[in-house]
Amino acid sequence: MEHEVQTMTFKELKDVVSKLEKNQHVNDKTKLFIDTGWDSVQEIDSEAVSVETVMAFTIEDELTKEQFKGYSLIEKAEKMGADGEEETVIIIRNLY
C-alpha cells in the first residue's frame, strides 16, 4: 500500500488567506504558529518562507513494507534516492 499526503497548493493557500481575512478575530498583528503535535506550538519566523526546488522520493517501511511518498530539497535528493521531477515549491523552514 502506498501513502501520500495531498500537498496544499498556492491557490489553496490563497483561499485560506482569503477566508482568514474575513475572520473578525484575525488582523495584521495576528501571529502564525505551527502545531507540531508536541505540548507547545512553534513560531514561524517572518524570514522562514522561501521558494526552493525539491524532488519526490519513495521510502519503504522495513516492518510493514508499506510505501510512503515524500519530497526532499534538491541538495539532499540523491541521499534520499529521489527519482521524481524537479519541482519548484514554497518552503516554510522549521527553525528549531
# chains A, B, ... in the order shown; residues from 1 in each chain; ligands from 1
$ select_by_dssp --residues "chain A" --states "alpha helix (DSSP H)" --output "PyMOL selection string"
chain A and resi 10-21
$ write_last_selection --atoms "N, CA, C and O atoms" --output "CSV table (one decimal), in the first residue's frame"
chain,number,residue,atom,x,y,z
A,10,PHE,N,-0.5,26.6,-3.9
A,10,PHE,CA,-0.5,28.0,-3.6
A,10,PHE,C,-2.0,28.6,-3.8
A,10,PHE,O,-2.4,29.4,-3.0
A,11,LYS,N,-2.7,28.1,-4.7
A,11,LYS,CA,-4.1,28.5,-4.9
A,11,LYS,C,-4.9,28.2,-3.6
A,11,LYS,O,-5.7,29.1,-3.1
A,12,GLU,N,-4.7,27.0,-3.1
A,12,GLU,CA,-5.5,26.7,-1.8
A,12,GLU,C,-5.0,27.5,-0.7
A,12,GLU,O,-5.8,27.9,0.2
A,13,LEU,N,-3.7,27.9,-0.6
A,13,LEU,CA,-3.2,28.8,0.4
A,13,LEU,C,-3.9,30.2,0.3
A,13,LEU,O,-4.3,30.8,1.3
A,14,LYS,N,-4.0,30.7,-0.9
A,14,LYS,CA,-4.7,31.9,-1.2
A,14,LYS,C,-6.1,31.9,-0.7
A,14,LYS,O,-6.6,32.9,-0.1
A,15,ASP,N,-6.8,30.8,-1.0
A,15,ASP,CA,-8.2,30.6,-0.5
A,15,ASP,C,-8.3,30.7,1.0
A,15,ASP,O,-9.2,31.3,1.6
A,16,VAL,N,-7.3,30.0,1.7
A,16,VAL,CA,-7.3,30.0,3.2
A,16,VAL,C,-7.0,31.5,3.7
A,16,VAL,O,-7.7,31.9,4.6
A,17,VAL,N,-6.1,32.2,3.1
A,17,VAL,CA,-5.8,33.6,3.4
A,17,VAL,C,-7.0,34.4,3.2
A,17,VAL,O,-7.4,35.3,4.1
A,18,SER,N,-7.7,34.2,2.1
A,18,SER,CA,-9.0,35.0,1.9
A,18,SER,C,-10.0,34.8,3.0
A,18,SER,O,-10.6,35.7,3.4
A,19,LYS,N,-10.2,33.5,3.4
A,19,LYS,CA,-11.1,33.2,4.5
A,19,LYS,C,-10.6,33.9,5.8
A,19,LYS,O,-11.4,34.4,6.6
A,20,LEU,N,-9.3,33.8,6.1
A,20,LEU,CA,-8.8,34.4,7.3
A,20,LEU,C,-9.0,35.9,7.3
A,20,LEU,O,-9.3,36.5,8.4
A,21,GLU,N,-8.9,36.5,6.2
A,21,GLU,CA,-9.1,38.0,6.1
A,21,GLU,C,-10.5,38.4,6.5
A,21,GLU,O,-10.7,39.5,6.9
$ residues_around --residues "Glu52 of chain A" --least-positions-apart "4" --cutoff "10 Å" --atoms "only C-alpha atoms" --output "PyMOL selection string"
chain A and resi 73-74+87-91
$ residues_around --residues "Glu47 of chain A" --least-positions-apart "2" --cutoff "10 Å" --atoms "only C-alpha atoms" --output "compact mmCIF listing (two decimals) with N, CA and C atoms, in the first residue's frame"
# COMPACT_ATOMS: atom_id res chain seq x y z
N ILE A 44 6.52 30.86 13.58
CA ILE A 44 7.03 30.91 12.22
C ILE A 44 7.72 32.26 12.05
N ASP A 45 9.02 32.23 11.85
CA ASP A 45 9.81 33.44 11.64
C ASP A 45 9.41 34.07 10.31
N VAL A 49 10.04 31.67 5.11
CA VAL A 49 9.36 31.26 3.89
C VAL A 49 10.25 31.57 2.68
N SER A 50 10.43 30.56 1.81
CA SER A 50 11.26 30.74 0.62
C SER A 50 10.74 29.87 -0.52
N ILE A 92 8.38 26.42 4.12
CA ILE A 92 8.35 27.10 5.43
C ILE A 92 9.34 26.36 6.30
N ARG A 93 10.45 27.02 6.63
CA ARG A 93 11.52 26.37 7.39
C ARG A 93 11.13 26.20 8.85
$ select_by_dssp --residues "chain A" --states "strand (DSSP E)" --output "MDAnalysis selection string"
chainID A and resid 2:3 33:35 41:43 49:60 67:73 87:92
$ residues_around --residues "Glu4 of chain A" --least-positions-apart "5" --cutoff "9 Å" --atoms "only C-alpha atoms" --output "JSON, numbers by chain"
{"A": [67, 68, 69, 70]}
$ residues_around --residues "Met80 of chain A" --least-positions-apart "5" --cutoff "10 Å" --atoms "only C-alpha atoms" --output "PDB file with N, CA, C and O atoms, in the first residue's frame"
ATOM      1  N   MET A  55      12.601  17.284  -5.054  1.00  0.00           N
ATOM      2  CA  MET A  55      12.339  16.093  -5.872  1.00  0.00           C
ATOM      3  C   MET A  55      11.598  15.084  -5.010  1.00  0.00           C
ATOM      4  O   MET A  55      11.828  15.010  -3.798  1.00  0.00           O
ATOM      5  N   ALA A  56      10.718  14.307  -5.631  1.00  0.00           N
ATOM      6  CA  ALA A  56       9.949  13.295  -4.923  1.00  0.00           C
ATOM      7  C   ALA A  56      10.778  12.024  -4.733  1.00  0.00           C
ATOM      8  O   ALA A  56      11.632  11.700  -5.546  1.00  0.00           O
ATOM      9  N   PHE A  57      10.500  11.322  -3.625  1.00  0.00           N
ATOM     10  CA  PHE A  57      11.113  10.026  -3.379  1.00  0.00           C
ATOM     11  C   PHE A  57      10.070   9.111  -2.747  1.00  0.00           C
ATOM     12  O   PHE A  57       9.023   9.558  -2.285  1.00  0.00           O
ATOM     13  N   THR A  58      10.356   7.833  -2.746  1.00  0.00           N
ATOM     14  CA  THR A  58       9.501   6.844  -2.084  1.00  0.00           C
ATOM     15  C   THR A  58      10.368   6.050  -1.131  1.00  0.00           C
ATOM     16  O   THR A  58      11.492   5.678  -1.458  1.00  0.00           O
ATOM     17  N   ILE A  59       9.843   5.809   0.068  1.00  0.00           N
ATOM     18  CA  ILE A  59      10.577   5.038   1.061  1.00  0.00           C
ATOM     19  C   ILE A  59       9.670   3.910   1.564  1.00  0.00           C
ATOM     20  O   ILE A  59       8.463   4.074   1.641  1.00  0.00           O
ATOM     21  N   GLY A  70       7.446  11.084  -0.307  1.00  0.00           N
ATOM     22  CA  GLY A  70       7.889  12.303   0.340  1.00  0.00           C
ATOM     23  C   GLY A  70       8.646  13.157  -0.653  1.00  0.00           C
ATOM     24  O   GLY A  70       8.783  12.799  -1.830  1.00  0.00           O
ATOM     25  N   TYR A  71       9.140  14.273  -0.179  1.00  0.00           N
ATOM     26  CA  TYR A  71       9.910  15.199  -1.007  1.00  0.00           C
ATOM     27  C   TYR A  71      11.176  15.577  -0.263  1.00  0.00           C
ATOM     28  O   TYR A  71      11.211  15.618   0.957  1.00  0.00           O
ATOM     29  N   SER A  72      12.212  15.878  -1.020  1.00  0.00           N
ATOM     30  CA  SER A  72      13.488  16.275  -0.444  1.00  0.00           C
ATOM     31  C   SER A  72      13.994  17.510  -1.178  1.00  0.00           C
ATOM     32  O   SER A  72      13.820  17.618  -2.400  1.00  0.00           O
ATOM     33  N   LEU A  73      14.615  18.421  -0.443  1.00  0.00           N
ATOM     34  CA  LEU A  73      15.272  19.548  -1.106  1.00  0.00           C
ATOM     35  C   LEU A  73      16.284  19.002  -2.096  1.00  0.00           C
ATOM     36  O   LEU A  73      16.893  17.949  -1.862  1.00  0.00           O
ATOM     37  N   ILE A  74      16.494  19.701  -3.176  1.00  0.00           N
ATOM     38  CA  ILE A  74      17.324  19.220  -4.274  1.00  0.00           C
ATOM     39  C   ILE A  74      18.732  18.837  -3.799  1.00  0.00           C
ATOM     40  O   ILE A  74      19.301  17.850  -4.265  1.00  0.00           O
ATOM     41  N   GLU A  75      19.288  19.571  -2.828  1.00  0.00           N
ATOM     42  CA  GLU A  75      20.645  19.260  -2.373  1.00  0.00           C
ATOM     43  C   GLU A  75      20.705  17.966  -1.553  1.00  0.00           C
ATOM     44  O   GLU A  75      21.780  17.432  -1.323  1.00  0.00           O
TER      45      GLU A  75
END
$ atom_distance --atom1 "atom CA of Thr7 of chain A" --atom2 "atom CA of Ala48 of chain A"
18.5 Å
$ atom_distance --atom1 "atom CA of Val41 of chain A" --atom2 "atom CA of Val54 of chain A"
26.0 Å
$ atom_distance --atom1 "atom CA of Gly81 of chain A" --atom2 "atom CA of Thr53 of chain A"
15.5 Å
$ decode --residues "segment 36-47 of chain A" --atoms "N, CA and C atoms" --output "PDB file, in the first residue's frame"
ATOM      1  N   THR A  36       3.041  21.301  16.035  1.00  0.00           N
ATOM      2  CA  THR A  36       3.931  20.179  15.721  1.00  0.00           C
ATOM      3  C   THR A  36       3.473  18.871  16.364  1.00  0.00           C
ATOM      4  N   GLY A  37       2.401  18.939  17.146  1.00  0.00           N
ATOM      5  CA  GLY A  37       1.919  17.747  17.824  1.00  0.00           C
ATOM      6  C   GLY A  37       2.507  17.562  19.214  1.00  0.00           C
ATOM      7  N   TRP A  38       3.443  18.413  19.583  1.00  0.00           N
ATOM      8  CA  TRP A  38       4.016  18.347  20.929  1.00  0.00           C
ATOM      9  C   TRP A  38       3.174  19.197  21.861  1.00  0.00           C
ATOM     10  N   ASP A  39       3.694  19.518  23.025  1.00  0.00           N
ATOM     11  CA  ASP A  39       2.921  20.257  24.021  1.00  0.00           C
ATOM     12  C   ASP A  39       2.796  21.741  23.715  1.00  0.00           C
ATOM     13  N   SER A  40       3.659  22.260  22.864  1.00  0.00           N
ATOM     14  CA  SER A  40       3.594  23.676  22.525  1.00  0.00           C
ATOM     15  C   SER A  40       3.499  23.838  21.011  1.00  0.00           C
ATOM     16  N   VAL A  41       3.171  25.050  20.584  1.00  0.00           N
ATOM     17  CA  VAL A  41       3.155  25.348  19.156  1.00  0.00           C
ATOM     18  C   VAL A  41       4.440  26.084  18.802  1.00  0.00           C
ATOM     19  N   GLN A  42       4.814  26.061  17.520  1.00  0.00           N
ATOM     20  CA  GLN A  42       6.074  26.654  17.097  1.00  0.00           C
ATOM     21  C   GLN A  42       5.839  27.928  16.300  1.00  0.00           C
ATOM     22  N   GLU A  43       6.598  28.940  16.635  1.00  0.00           N
ATOM     23  CA  GLU A  43       6.548  30.204  15.934  1.00  0.00           C
ATOM     24  C   GLU A  43       7.042  30.039  14.498  1.00  0.00           C
ATOM     25  N   ILE A  44       6.517  30.865  13.584  1.00  0.00           N
ATOM     26  CA  ILE A  44       7.026  30.914  12.217  1.00  0.00           C
ATOM     27  C   ILE A  44       7.720  32.259  12.048  1.00  0.00           C
ATOM     28  N   ASP A  45       9.019  32.227  11.852  1.00  0.00           N
ATOM     29  CA  ASP A  45       9.806  33.438  11.642  1.00  0.00           C
ATOM     30  C   ASP A  45       9.414  34.068  10.309  1.00  0.00           C
ATOM     31  N   SER A  46       9.399  35.382  10.241  1.00  0.00           N
ATOM     32  CA  SER A  46       8.987  36.075   9.010  1.00  0.00           C
ATOM     33  C   SER A  46       9.929  35.803   7.840  1.00  0.00           C
ATOM     34  N   GLU A  47      11.137  35.331   8.105  1.00  0.00           N
ATOM     35  CA  GLU A  47      12.077  35.019   7.028  1.00  0.00           C
ATOM     36  C   GLU A  47      12.176  33.510   6.776  1.00  0.00           C
TER      37      GLU A  47
END
